[in-house]
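Each remark here refers to the structure printed beneath this line.
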Amino acid sequence: MKDLVIIGWGAAGFAALIKANQLGFKPTVIGYGPIGGTCVNVGCIPSKRALRIGELYSVASRVLGERTYPDFGEAFKDVKDLVESLRKRKYEDVLASYDAEVIEGKARFVSPRAVKVNGEIIEARKFIIATGSSPKVLEIKGLREAGFWTNSEALYPDREVDSLAIIGGRAQALEFAQMYRRLGVDVAVLQRSKVLLPDWEPEVSLLAERVLSDEGVYVFTNVEVREVRRSANSKVIVTNRGEIEAEEILLATGRKPNVDLNLEAAGVELGPNGGVKVNDDLSTTNPNVYAAGDVLGEPMLESLAGYEGSIAAENALTGSRKSTNRRLAPQAIFTQPNIARVGSAEGYEVGSLESRVIWLSELPKASILGDERGLVKMTVERETKRIVSVQMVAENAGDVIAEAALAIRHGLTIDDIIEVVHPFPTVAESLRLAALSFYVDVSRLSCCV
């Protein structure tokens with residue numbers, strides 16, 4: 001009988017493998033599909049590289065005063081080359097440097113302590129489910145017949161397109177909208193709710209729409225997609241607001257946990273979000289089975305998956321009960337400017353919190369960068385001044401939000417932020433300005449107060 005079987009070889013699975021070795025155990029890793037999972041193959045790495053290419057051309061266009069676009073085919077060739085390089089360096093080579101039994105195949109539980117893969121039954125004392133997620137495909141009349149892209153096809157397109165309609169209005173939709181627009185493609189975003197990013201602060205949602213509109217992206221909200229059909233050389237999307245025609249459709253309506261593992265045989269239950277149900281220590285309804293990463297459901301974040309994979313392995317192998325708090329995981333959307341957040345006001349009594357918004361036009365660094373679009377919204381406990389949540393739109397907000405995450409995790413107050421000397425001129429200084437705004441009008445401050 002094995003000590004530990006890890007099902008999945010993405011971020012969570014690799015983190016669990018590494019932690020198991022550090023604890024003196026040799027795990028069995030069962031993986032299916034490209035090694036490295038979503039992030040390195042069809043997620044964070046290729047999408048952020050494509051965004052970076054467009055960003056460089058966008059900045060150059062602004063400086064030169066003439067709009068230029070990268071070569072479509074060359075851009076995605078560069079993306080593919082980087083993915084292949086990082087997959088080898090950070091997954092294949094890393095795997096070779098650790099002690100693990102690796103089996104390629106699909107695993108399914110046959111009992112609470114055994115899985116079957118490639119016709120072989122493997123028993124173990126502990127299991128970690130780290131099978132990730134896959135694109136959620138909506139049931140729209142005619143969509144499957146007409147054909148569509150998910151993030152996988154959009155990151156490795158088989159042809160250049162002139163126009164793209166994106167169904168969805170959250171993180172993935174925003175990133176692909178800016179990415180393809182900066183490749184010279186006409187882009188329309190169709191969102192069913194009243195605003196983009198409907199579960200973010202309203203100031204952020206409205207600014208996100210402005211960012212896309214400034215790029216020349218057509219944003220349509222309150223849209224109900226009723227049907228899709230083919231035309232001569234394009235696809236027609238029929239909505240409650242009329243018809244939209246585009247050469248290709250990208251479905252960016254979220255992802256679903258990969259739970260096709262015959263979990264019933266293991267006594268593992270699903271939660272209301274369709275992901276594996278876990279306790280704070282990442283154990284499931286079967287105490288010998290743990291789960292980590294995207295398979296738990298939202299939020300689906302590479303960094304969170306890696307963190308949870310390590311915690312799950314330690315708890316499973318040592319009997320410790322380290323807990324996780326998914327609400328404290330920072331999130332970032334890597335448009336330019338970035339959109340980022342951490343923390344939540346959920347669960348607080350009405351009137352117990354107060355918020356401030358500062359605009360990046362007050363930040364010298366924004367003026368230096370030539371883009372004053374942006375804001376920081378900070379929410380604190382009214383009595384203690386402890387920071388509860390931060391949401392921001394700013395250049396490099398994906399990096400800066402880590403400071404806010406650290407502050408919230410350790411219960412810091414706005415005074416703690418104010419008392420830290422921040423380097424000038426930086427975007428990070430915006431957090432200090434947001435903290436100061438609870439006491440003074442920051443528009444009446446000199447640069448380095």
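By convention in this document, the chains of the structure tokens carry letters A, B, ... by their order, each chain's residues are numbered from 1, and ligands are numbered from 1 in the order they are shown.
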
Find the spatial neighbours of Val390 in chain A, counting only C-alpha atoms, within a cut-off of 8 Å - ignore same-chain residues fewer than 3 positions away - and output them as a PyMOL selection string. chain A and resi 341-343+376-379+387+401+404

Where does DSSP see helix (DSSP H, G or I) in range 205-391 of chain A, if you list the residues as a PyMOL selection string? chain A and resi 205-215+263-266+293-296+302-318+326-328+360-362+364-369

Compile the contact shell of Thr384 in chain A as a ChimeraX atom specification: residues with an atom at most 10 Å away, counting only C-alpha atoms, same-chain residues fewer than 4 positions apart removed. /A:352-353,380,411-414

Could those selected residues go to a file with all heavy atoms, as a short mmCIF file (atom, residue, chain, number, x, y, z; two decimals), in the first residue's frame?
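part.cif, freshly written:
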data_model
loop_
_atom_site.label_atom_id
_atom_site.label_comp_id
_atom_site.auth_asym_id
_atom_site.auth_seq_id
_atom_site.Cartn_x
_atom_site.Cartn_y
_atom_site.Cartn_z
N SER A 352 -20.47 48.90 10.40
CA SER A 352 -19.24 48.62 11.14
C SER A 352 -17.99 48.89 10.31
O SER A 352 -16.89 48.85 10.84
CB SER A 352 -19.23 47.16 11.60
OG SER A 352 -19.18 46.27 10.50
N LEU A 353 -18.19 49.17 9.02
CA LEU A 353 -17.06 49.40 8.13
C LEU A 353 -17.13 50.79 7.51
O LEU A 353 -18.20 51.40 7.43
CB LEU A 353 -17.03 48.36 7.01
CG LEU A 353 -16.99 46.88 7.42
CD1 LEU A 353 -17.06 46.01 6.18
CD2 LEU A 353 -15.74 46.57 8.22
N VAL A 380 -12.07 49.48 5.93
CA VAL A 380 -11.52 49.17 7.24
C VAL A 380 -12.64 49.04 8.28
O VAL A 380 -13.76 49.50 8.05
CB VAL A 380 -10.53 50.26 7.71
CG1 VAL A 380 -9.43 50.46 6.68
CG2 VAL A 380 -11.25 51.57 8.00
N GLY A 411 -3.75 41.39 10.42
CA GLY A 411 -4.60 42.30 11.17
C GLY A 411 -4.05 43.70 11.34
O GLY A 411 -4.29 44.36 12.36
N LEU A 412 -3.33 44.19 10.34
CA LEU A 412 -2.73 45.52 10.44
C LEU A 412 -3.78 46.61 10.22
O LEU A 412 -4.82 46.39 9.59
CB LEU A 412 -1.60 45.68 9.43
CG LEU A 412 -0.44 44.67 9.52
CD1 LEU A 412 0.67 45.06 8.56
CD2 LEU A 412 0.09 44.58 10.95
N THR A 413 -3.47 47.78 10.70
CA THR A 413 -4.37 48.93 10.58
C THR A 413 -3.83 49.91 9.55
O THR A 413 -2.69 49.79 9.07
CB THR A 413 -4.50 49.67 11.93
OG1 THR A 413 -3.23 50.29 12.22
CG2 THR A 413 -4.87 48.70 13.05
N ILE A 414 -4.65 50.93 9.25
CA ILE A 414 -4.18 51.95 8.32
C ILE A 414 -2.98 52.70 8.91
O ILE A 414 -2.09 53.13 8.16
CB ILE A 414 -5.31 52.94 7.96
CG1 ILE A 414 -5.96 53.53 9.21
CG2 ILE A 414 -6.34 52.27 7.07
CD1 ILE A 414 -7.01 54.59 8.91
#

Near Leu360 in chain A, counting only C-alpha atoms, which residues have an atom at most 10 Å away, once you skip same-chain residues fewer than 5 positions from it, shown as an MDAnalysis selection string? chainID A and resid 365:367 371:376 392:395 427 430 433

DSSP strand (DSSP E) residues within range 195-401 of chain A, as number ranges by chain: A: 218-220, 225-230, 235-239, 242-246, 248-251, 255-257, 289-291, 331-333, 338-343, 353-359, 375-381, 387-394

Counting only C-alpha atoms, what are the residues of range 48-139 of chain A within 9 Å of range 171-186 of chain A, and for each of them which pair of atoms is the nearest and at what distance in Å, to one decimal? Sort the table by chain and rising number, as CSV.
residue,atom,partner,partner_atom,distance
A:Lys48,CA,A:Glu175,CA,8.6
A:Ala50,CA,A:Met179,CA,6.5
A:Leu51,CA,A:Met179,CA,5.1
A:Arg52,CA,A:Met179,CA,8.6
A:Ile53,CA,A:Met179,CA,8.6
A:Gly54,CA,A:Arg182,CA,5.1
A:Glu55,CA,A:Arg182,CA,7.5
A:Tyr57,CA,A:Arg182,CA,7.7
A:Ser58,CA,A:Arg182,CA,7.0
A:Thr68,CA,A:Gly184,CA,8.4
A:Tyr69,CA,A:Leu183,CA,5.5
A:Pro70,CA,A:Leu183,CA,6.0
A:Asp71,CA,A:Leu183,CA,7.4
A:Phe72,CA,A:Leu183,CA,6.2
A:Ala75,CA,A:Leu183,CA,8.4

Between A:Arg144, A:Arg125, A:Arg409, A:Arg159, which is the closest to Glu227 in chain A once you count only C-alpha atoms?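 The closest residue to Glu227 in chain A is A:Arg144.
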
Neighbours of range 292-294 of chain A within 12 Å (only C-alpha atoms; same-chain residues fewer than 5 positions away dropped), as number ranges by chain? A: 6-16, 37-39, 127-135, 254-259, 273-284, 299-313, 315-316, 324, 326

Shell around Glu209 in chain A at 9 Å using only C-alpha atoms, local window under 4 positions removed, as a PDB file with C-alpha atoms, in the first residue's frame:
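Everything below was put into around-v2.pdb:
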ATOM      1  CA  LEU A 174     -11.207  41.136 -19.889  1.00  0.00           C
ATOM      2  CA  VAL A 195     -21.560  45.614 -15.348  1.00  0.00           C
ATOM      3  CA  LEU A 196     -18.296  43.859 -15.989  1.00  0.00           C
ATOM      4  CA  VAL A 204     -13.672  49.016 -10.155  1.00  0.00           C
ATOM      5  CA  SER A 205     -16.333  47.537 -12.432  1.00  0.00           C
ATOM      6  CA  SER A 213     -13.545  51.021 -24.207  1.00  0.00           C
ATOM      7  CA  ASP A 214     -10.410  53.176 -24.347  1.00  0.00           C
ATOM      8  CA  VAL A 219     -18.613  46.365 -24.431  1.00  0.00           C
TER       9      VAL A 219
END
